[in-house]
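Structure first, commentary second.
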Amino acid sequence: MCDQINFVDLDPQGFLENYWQKKPLLIKNGFAYLREVLEPEELAGLSCEQGVESRLILEKGGVKPWEVRHGPFEEDDFTTLPQDSWTLLVQGVEQWIPEVYQLLESFRFVPNWRVDDVMVSYAPDGGSVGAHVDQYDVFLIQGFGQREWRIGKEPLKEELIIPGLDVKILQEFNDYEALHLDLGDVLYLPPGIAHHGIAKGRSMTYSVGFRAPHNKELAGHFADHVLLHGRREVMYRDPDLELQESSGEMNQASLDRLFREVQATLGDRDLFNDFVGRYMTLPKYDHKPEPQDPTCLDDLRDDDVLEPFLGARMLYQKTHKLVLYINGEPFPVEMEALPVVKALCDSKQAFLWGELKSAALRCNGLGLLQDLVKEGWLLVADPTEDDGSRKES
Ligand SMILES: [Fe+2]
């Protein structure tokens, strides 16, 4: 049986110890405010925007079962849909809707760099994307409506999928437990647990998805980074070459020399840290901020508000030096500016200029703030807008 707790009793440390990457957890009564955050029509509108990744999955009524259509869509794409048995999925919604971004604040007990995005899906009664398995952790949060989630009792050992479909659907999914999610309930699933969510009436789900780099993918991209940025340049040398009995053999000594060179080249830890900082902050979508005039900071009052750009992926590394990474670019900063860098990266909350400025003045971080404002990573909120000030595009 899947464990169940109330959202108010969610203990980050206990969650990480007992559930994260281990087993599912049903967390009841979490996010009632989602009832009013996004209407299906607004989600459909977002899926019509250029630069927003979206899909429609039609279990029935398409040109074949489980047909996938890719956005951006047009209004007609929705008016011609069948009555039911379809799902609209929109990725990266947190970049556009601050209230959706706000969901991430509840999951900060997992480091930000592990977060992928918030996908929002809408389905009429019976809508589903089929029984499947993912290799990523996810918190499935029920928005308005209800959904039945069928989840595997054990991690799936072998993924047998129905051939020839646009989506990966399991051939068989019988050994499951059925869970009923209402508004605000959250289902955490670790990788490898098969699941099947079926809308009960009109239903909206917010999926906070995480990412985990694949070892080969990471190694391949690091090798590219070494080619571009590696400082070590050594040609093969073998002054200790000994006469070989067979000139056709590449012998152990040669293999060792070559392997040592490659190890030394790939073993540059500073180079690796820099690579992974850039790589893990590469933006998923081409959603860039507008440059701004940094002198705007001179005119701010203490109660003015600054907000990070929602499309920014930020992290910092604090090793023997401090480096801030934003969307694939490093910003080396003095170690003393750590409090400001930490505040910016820990949570994309709104900052009162008075507080941010005093923190920056205490740690010589004002120059950094000016640079971030100049590039548009930090925005001055428009006091005339209630909630739309971060929907810059
Ligand atoms: Fe899934």
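To be explicit about the labels: the chains of the structure tokens are called A, B, and onward in the order shown, and within each one the residues are counted from 1, while ligands get numbers from 1 in the order they are shown.
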* To do: Please identify the residues whose atoms come within 8 Å of ligand 1, using only C-alpha atoms and all ligand atoms, and report them as an MDAnalysis selection string.
  => chainID A and resid 132:134 138 194:196
Those residues with all heavy atoms, as a PDB file, in the first residue's frame please?
ATOM      1  N   HIS A 132       2.263   3.920 -18.422  1.00  0.00           N
ATOM      2  CA  HIS A 132       3.648   4.045 -18.871  1.00  0.00           C
ATOM      3  C   HIS A 132       4.582   4.138 -17.667  1.00  0.00           C
ATOM      4  O   HIS A 132       4.137   4.185 -16.522  1.00  0.00           O
ATOM      5  CB  HIS A 132       3.812   5.286 -19.765  1.00  0.00           C
ATOM      6  CG  HIS A 132       3.596   6.578 -19.037  1.00  0.00           C
ATOM      7  ND1 HIS A 132       2.337   7.065 -18.747  1.00  0.00           N
ATOM      8  CD2 HIS A 132       4.469   7.453 -18.503  1.00  0.00           C
ATOM      9  CE1 HIS A 132       2.456   8.198 -18.083  1.00  0.00           C
ATOM     10  NE2 HIS A 132       3.733   8.463 -17.906  1.00  0.00           N
ATOM     11  N   VAL A 133       5.861   4.205 -17.972  1.00  0.00           N
ATOM     12  CA  VAL A 133       6.845   4.333 -16.897  1.00  0.00           C
ATOM     13  C   VAL A 133       7.831   5.434 -17.297  1.00  0.00           C
ATOM     14  O   VAL A 133       8.127   5.615 -18.478  1.00  0.00           O
ATOM     15  CB  VAL A 133       7.543   2.974 -16.653  1.00  0.00           C
ATOM     16  CG1 VAL A 133       8.380   2.537 -17.829  1.00  0.00           C
ATOM     17  CG2 VAL A 133       8.344   2.971 -15.369  1.00  0.00           C
ATOM     18  N   ASP A 134       8.262   6.223 -16.326  1.00  0.00           N
ATOM     19  CA  ASP A 134       9.245   7.285 -16.586  1.00  0.00           C
ATOM     20  C   ASP A 134      10.520   6.977 -15.817  1.00  0.00           C
ATOM     21  O   ASP A 134      10.483   6.295 -14.795  1.00  0.00           O
ATOM     22  CB  ASP A 134       8.715   8.649 -16.118  1.00  0.00           C
ATOM     23  CG  ASP A 134       7.448   9.049 -16.851  1.00  0.00           C
ATOM     24  OD1 ASP A 134       7.426   8.961 -18.084  1.00  0.00           O
ATOM     25  OD2 ASP A 134       6.483   9.447 -16.171  1.00  0.00           O
ATOM     26  N   VAL A 138       8.848  12.518 -10.126  1.00  0.00           N
ATOM     27  CA  VAL A 138       7.808  13.513 -10.418  1.00  0.00           C
ATOM     28  C   VAL A 138       6.870  13.661  -9.220  1.00  0.00           C
ATOM     29  O   VAL A 138       6.599  12.684  -8.499  1.00  0.00           O
ATOM     30  CB  VAL A 138       7.033  13.113 -11.703  1.00  0.00           C
ATOM     31  CG1 VAL A 138       6.231  11.841 -11.518  1.00  0.00           C
ATOM     32  CG2 VAL A 138       6.123  14.230 -12.180  1.00  0.00           C
ATOM     33  N   ALA A 194       5.539   2.186 -12.724  1.00  0.00           N
ATOM     34  CA  ALA A 194       4.553   2.345 -13.795  1.00  0.00           C
ATOM     35  C   ALA A 194       3.335   3.093 -13.252  1.00  0.00           C
ATOM     36  O   ALA A 194       2.997   2.962 -12.075  1.00  0.00           O
ATOM     37  CB  ALA A 194       4.136   0.979 -14.323  1.00  0.00           C
ATOM     38  N   HIS A 195       2.713   3.898 -14.095  1.00  0.00           N
ATOM     39  CA  HIS A 195       1.554   4.664 -13.632  1.00  0.00           C
ATOM     40  C   HIS A 195       0.600   4.972 -14.781  1.00  0.00           C
ATOM     41  O   HIS A 195       0.997   5.008 -15.945  1.00  0.00           O
ATOM     42  CB  HIS A 195       1.978   5.949 -12.913  1.00  0.00           C
ATOM     43  CG  HIS A 195       2.957   6.791 -13.675  1.00  0.00           C
ATOM     44  ND1 HIS A 195       4.288   6.460 -13.788  1.00  0.00           N
ATOM     45  CD2 HIS A 195       2.797   7.958 -14.345  1.00  0.00           C
ATOM     46  CE1 HIS A 195       4.910   7.389 -14.490  1.00  0.00           C
ATOM     47  NE2 HIS A 195       4.025   8.307 -14.864  1.00  0.00           N
ATOM     48  N   HIS A 196      -0.632   5.197 -14.391  1.00  0.00           N
ATOM     49  CA  HIS A 196      -1.693   5.458 -15.366  1.00  0.00           C
ATOM     50  C   HIS A 196      -2.709   6.378 -14.692  1.00  0.00           C
ATOM     51  O   HIS A 196      -3.350   5.986 -13.720  1.00  0.00           O
ATOM     52  CB  HIS A 196      -2.338   4.117 -15.772  1.00  0.00           C
ATOM     53  CG  HIS A 196      -3.337   4.257 -16.865  1.00  0.00           C
ATOM     54  ND1 HIS A 196      -4.165   3.227 -17.252  1.00  0.00           N
ATOM     55  CD2 HIS A 196      -3.647   5.298 -17.658  1.00  0.00           C
ATOM     56  CE1 HIS A 196      -4.930   3.627 -18.250  1.00  0.00           C
ATOM     57  NE2 HIS A 196      -4.648   4.883 -18.508  1.00  0.00           N
TER      58      HIS A 196
END
Might you pull out every residue within 8 Å of range 352-367 of chain A, with only C-alpha atoms counted and same-chain residues fewer than 2 positions away left off, and present them as a PDB file with C-alpha atoms, in the first residue's frame?
ATOM      1  CA  LEU A 300      14.631  52.710  -6.903  1.00  0.00           C
ATOM      2  CA  ARG A 301      13.011  53.226  -3.525  1.00  0.00           C
ATOM      3  CA  ASP A 302      13.630  50.765  -0.702  1.00  0.00           C
ATOM      4  CA  ASP A 303      10.148  49.283  -1.049  1.00  0.00           C
ATOM      5  CA  ASP A 304      10.478  48.657  -4.781  1.00  0.00           C
ATOM      6  CA  VAL A 305      10.617  44.989  -5.725  1.00  0.00           C
ATOM      7  CA  LEU A 306      13.123  43.053  -7.828  1.00  0.00           C
ATOM      8  CA  GLU A 336      32.209  37.672  -0.055  1.00  0.00           C
ATOM      9  CA  ALA A 337      29.174  38.149  -2.325  1.00  0.00           C
ATOM     10  CA  LEU A 338      27.938  34.696  -1.301  1.00  0.00           C
ATOM     11  CA  PRO A 339      24.905  35.954   0.685  1.00  0.00           C
ATOM     12  CA  VAL A 340      23.532  37.735  -2.384  1.00  0.00           C
ATOM     13  CA  ALA A 350      10.603  38.784  -4.915  1.00  0.00           C
ATOM     14  CA  LEU A 369      23.331  43.068  -9.040  1.00  0.00           C
ATOM     15  CA  GLN A 370      24.020  45.745 -11.655  1.00  0.00           C
ATOM     16  CA  ASP A 371      25.344  43.104 -14.065  1.00  0.00           C
TER      17      ASP A 371
END
* For Leu104 in chain A: contacts at 8 Å, only C-alpha atoms, fewer than 4 positions along chain excluded, given as number ranges by chain -> A: 100, 108, 208
Just want the 9 Å neighbourhood of Gly61 in chain A, counted on only C-alpha atoms, with same-chain residues fewer than 4 positions away dropped. Output as a compact mmCIF listing (two decimals) with all heavy atoms, in the first residue's frame.
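Final output, out-v8.txt:
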# COMPACT_ATOMS: atom_id res chain seq x y z
N PRO A 65 -4.74 5.08 -32.88
CA PRO A 65 -4.81 5.14 -31.42
C PRO A 65 -3.59 5.84 -30.84
O PRO A 65 -2.48 5.69 -31.35
CB PRO A 65 -4.84 3.66 -31.00
CG PRO A 65 -5.25 2.91 -32.21
CD PRO A 65 -4.76 3.70 -33.38
N TRP A 66 -3.81 6.60 -29.80
CA TRP A 66 -2.74 7.32 -29.10
C TRP A 66 -1.93 8.22 -30.04
O TRP A 66 -0.71 8.30 -29.95
CB TRP A 66 -1.80 6.34 -28.38
CG TRP A 66 -2.48 5.50 -27.37
CD1 TRP A 66 -2.78 4.18 -27.44
CD2 TRP A 66 -3.00 5.93 -26.09
NE1 TRP A 66 -3.43 3.75 -26.32
CE2 TRP A 66 -3.57 4.81 -25.47
CE3 TRP A 66 -3.03 7.17 -25.42
CZ2 TRP A 66 -4.18 4.87 -24.21
CZ3 TRP A 66 -3.62 7.22 -24.18
CH2 TRP A 66 -4.18 6.07 -23.59
N GLU A 67 -2.65 8.90 -30.91
CA GLU A 67 -1.96 9.84 -31.82
C GLU A 67 -1.42 11.03 -31.02
O GLU A 67 -2.10 11.56 -30.15
CB GLU A 67 -2.95 10.35 -32.89
CG GLU A 67 -2.27 11.28 -33.88
CD GLU A 67 -3.27 12.12 -34.69
OE1 GLU A 67 -4.47 11.82 -34.67
OE2 GLU A 67 -2.80 13.09 -35.32
N LEU A 81 -11.60 18.71 -31.77
CA LEU A 81 -11.24 17.54 -30.96
C LEU A 81 -12.48 16.71 -30.64
O LEU A 81 -13.58 17.25 -30.55
CB LEU A 81 -10.61 17.99 -29.64
CG LEU A 81 -9.14 18.38 -29.66
CD1 LEU A 81 -8.74 18.98 -28.32
CD2 LEU A 81 -8.26 17.19 -30.01
N PRO A 82 -12.29 15.39 -30.43
CA PRO A 82 -13.44 14.59 -29.99
C PRO A 82 -13.91 15.04 -28.60
O PRO A 82 -13.21 15.80 -27.90
CB PRO A 82 -12.90 13.16 -29.95
CG PRO A 82 -11.42 13.27 -30.02
CD PRO A 82 -11.08 14.58 -30.61
N ASP A 84 -14.15 13.42 -25.80
CA ASP A 84 -13.33 13.00 -24.66
C ASP A 84 -12.14 12.18 -25.15
O ASP A 84 -11.85 12.15 -26.35
CB ASP A 84 -14.17 12.19 -23.66
CG ASP A 84 -14.91 11.06 -24.33
OD1 ASP A 84 -14.43 10.59 -25.39
OD2 ASP A 84 -15.97 10.65 -23.83
N SER A 85 -11.43 11.52 -24.22
CA SER A 85 -10.30 10.64 -24.53
C SER A 85 -9.11 11.36 -25.16
O SER A 85 -8.45 10.82 -26.05
CB SER A 85 -10.72 9.47 -25.43
OG SER A 85 -11.74 8.74 -24.81
N TRP A 86 -8.88 12.58 -24.75
CA TRP A 86 -7.66 13.27 -25.19
C TRP A 86 -7.06 14.02 -24.00
O TRP A 86 -7.72 14.25 -22.99
CB TRP A 86 -7.94 14.23 -26.37
CG TRP A 86 -9.01 15.25 -26.12
CD1 TRP A 86 -10.34 15.12 -26.43
CD2 TRP A 86 -8.87 16.54 -25.50
NE1 TRP A 86 -11.04 16.24 -26.05
CE2 TRP A 86 -10.15 17.14 -25.48
CE3 TRP A 86 -7.79 17.26 -24.99
CZ2 TRP A 86 -10.39 18.40 -24.95
CZ3 TRP A 86 -8.02 18.53 -24.46
CH2 TRP A 86 -9.31 19.08 -24.45
* Can you pull out every residue within 10 Å of Phe309 in chain A, counting only C-alpha atoms, but drop anything in the same chain fewer than 3 positions away, and send it as a PyMOL selection string? => chain A and resi 95+287-290+306+312-313+348+372-373+376-380+389-392
* Asked: Residues at most 10 Å from Ile162 in chain A, counting only C-alpha atoms, excluding those fewer than 5 positions away in the same chain, as a list in words?
  -> Val167, Lys168, Ile169, Leu170, Gln171 and Glu172 of chain A
* strand (DSSP E or B) call set, DSSP backbone run, range 190-381 of chain A, as a PyMOL selection string -> chain A and resi 195-200+203-210+305-308+314-318+322-326+329-333+351-352+378-380
Taking only range 240-376 of chain A into account, list the residues labelled helix (DSSP H, G or I) by DSSP (computed from the backbone), as an mmCIF file with C-alpha atoms, in the first residue's frame.
data_model
loop_
_atom_site.group_PDB
_atom_site.id
_atom_site.type_symbol
_atom_site.label_atom_id
_atom_site.label_comp_id
_atom_site.auth_asym_id
_atom_site.auth_seq_id
_atom_site.Cartn_x
_atom_site.Cartn_y
_atom_site.Cartn_z
ATOM 1 C CA GLN A 252 50.399 -2.695 -22.422
ATOM 2 C CA ALA A 253 52.947 0.101 -21.903
ATOM 3 C CA SER A 254 51.548 2.075 -24.873
ATOM 4 C CA LEU A 255 47.980 1.497 -23.697
ATOM 5 C CA ASP A 256 48.925 2.719 -20.216
ATOM 6 C CA ARG A 257 50.608 5.874 -21.533
ATOM 7 C CA LEU A 258 47.573 6.761 -23.678
ATOM 8 C CA PHE A 259 45.091 5.994 -20.949
ATOM 9 C CA ARG A 260 47.021 8.089 -18.397
ATOM 10 C CA GLU A 261 46.930 11.077 -20.750
ATOM 11 C CA VAL A 262 43.197 10.785 -21.296
ATOM 12 C CA GLN A 263 42.604 10.362 -17.568
ATOM 13 C CA ALA A 264 44.748 13.421 -16.811
ATOM 14 C CA THR A 265 42.889 15.458 -19.433
ATOM 15 C CA LEU A 266 39.420 14.398 -18.289
ATOM 16 C CA ARG A 269 38.283 18.936 -11.764
ATOM 17 C CA ASP A 270 37.993 22.716 -12.298
ATOM 18 C CA LEU A 271 37.192 22.065 -15.937
ATOM 19 C CA PHE A 272 34.567 19.495 -15.014
ATOM 20 C CA ASN A 273 32.938 21.754 -12.400
ATOM 21 C CA ASP A 274 32.761 24.561 -14.936
ATOM 22 C CA PHE A 275 31.304 22.244 -17.570
ATOM 23 C CA VAL A 276 28.631 20.849 -15.315
ATOM 24 C CA GLY A 277 27.675 24.314 -14.009
ATOM 25 C CA ARG A 278 27.142 25.531 -17.544
ATOM 26 C CA TYR A 279 25.536 22.327 -18.750
ATOM 27 C CA MET A 280 22.996 21.999 -15.969
ATOM 28 C CA PRO A 294 21.359 49.169 -14.863
ATOM 29 C CA THR A 295 21.187 52.824 -13.865
ATOM 30 C CA CYS A 296 17.485 52.160 -13.188
ATOM 31 C CA LEU A 297 18.695 50.862 -9.817
ATOM 32 C CA ASP A 298 19.743 54.424 -8.865
ATOM 33 C CA ASP A 299 16.121 55.582 -8.899
ATOM 34 C CA MET A 335 33.417 34.852 -2.276
ATOM 35 C CA GLU A 336 32.209 37.672 -0.055
ATOM 36 C CA ALA A 337 29.174 38.149 -2.325
ATOM 37 C CA LEU A 338 27.938 34.696 -1.301
ATOM 38 C CA PRO A 339 24.905 35.954 0.685
ATOM 39 C CA VAL A 340 23.532 37.735 -2.384
ATOM 40 C CA VAL A 341 24.297 34.852 -4.751
ATOM 41 C CA LYS A 342 22.677 32.410 -2.336
ATOM 42 C CA ALA A 343 19.553 34.550 -1.972
ATOM 43 C CA LEU A 344 19.201 34.766 -5.753
ATOM 44 C CA CYS A 345 19.730 31.054 -6.417
ATOM 45 C CA ASP A 346 17.916 29.454 -3.499
ATOM 46 C CA TRP A 353 15.293 46.565 -3.061
ATOM 47 C CA GLY A 354 16.132 48.042 0.361
ATOM 48 C CA GLU A 355 16.967 44.611 1.786
ATOM 49 C CA LEU A 356 18.782 43.360 -1.291
ATOM 50 C CA LYS A 357 20.824 46.561 -1.517
ATOM 51 C CA SER A 358 21.879 46.427 2.143
ATOM 52 C CA ALA A 359 22.886 42.767 1.778
ATOM 53 C CA ALA A 360 24.825 43.644 -1.382
ATOM 54 C CA LEU A 361 26.546 46.623 0.271
ATOM 55 C CA ARG A 362 27.641 44.460 3.188
ATOM 56 C CA LEU A 366 26.338 45.663 -5.809
ATOM 57 C CA GLY A 367 28.332 45.220 -9.031
ATOM 58 C CA LEU A 368 26.886 41.755 -9.441
ATOM 59 C CA LEU A 369 23.331 43.068 -9.040
ATOM 60 C CA GLN A 370 24.020 45.745 -11.655
ATOM 61 C CA ASP A 371 25.344 43.104 -14.065
ATOM 62 C CA LEU A 372 22.289 40.904 -13.519
ATOM 63 C CA VAL A 373 19.906 43.813 -14.026
ATOM 64 C CA LYS A 374 21.801 44.836 -17.159
ATOM 65 C CA GLU A 375 21.380 41.395 -18.690
#
Can you check which parts of range 71-186 of chain A lie within 12 Å of range 15-24 of chain A? Per residue, the shortest pair of atoms and distance in Å to one decimal, counting only C-alpha atoms, sorted by chain and number, as CSV.
residue,atom,partner,partner_atom,distance
A:Phe107,CA,A:Phe15,CA,10.8
A:Arg108,CA,A:Leu16,CA,11.7
A:Phe109,CA,A:Leu16,CA,8.2
A:Val110,CA,A:Leu16,CA,8.3
A:Pro111,CA,A:Leu16,CA,11.6
A:Gln135,CA,A:Gln21,CA,10.2
A:Tyr136,CA,A:Gln21,CA,8.9
A:Asp137,CA,A:Gln21,CA,6.9
A:Val138,CA,A:Pro24,CA,9.8
A:Phe139,CA,A:Pro24,CA,9.6
A:Leu140,CA,A:Pro24,CA,10.9
A:Trp149,CA,A:Pro24,CA,11.6
A:Arg150,CA,A:Pro24,CA,11.6
A:Ile151,CA,A:Pro24,CA,8.6
A:Gly152,CA,A:Pro24,CA,9.5
A:Lys153,CA,A:Pro24,CA,9.3
A:Glu154,CA,A:Lys23,CA,8.6
A:Pro155,CA,A:Lys23,CA,8.6
A:Glu177,CA,A:Pro24,CA,11.1
A:Leu179,CA,A:Pro24,CA,11.2
A:Val186,CA,A:Pro24,CA,10.5
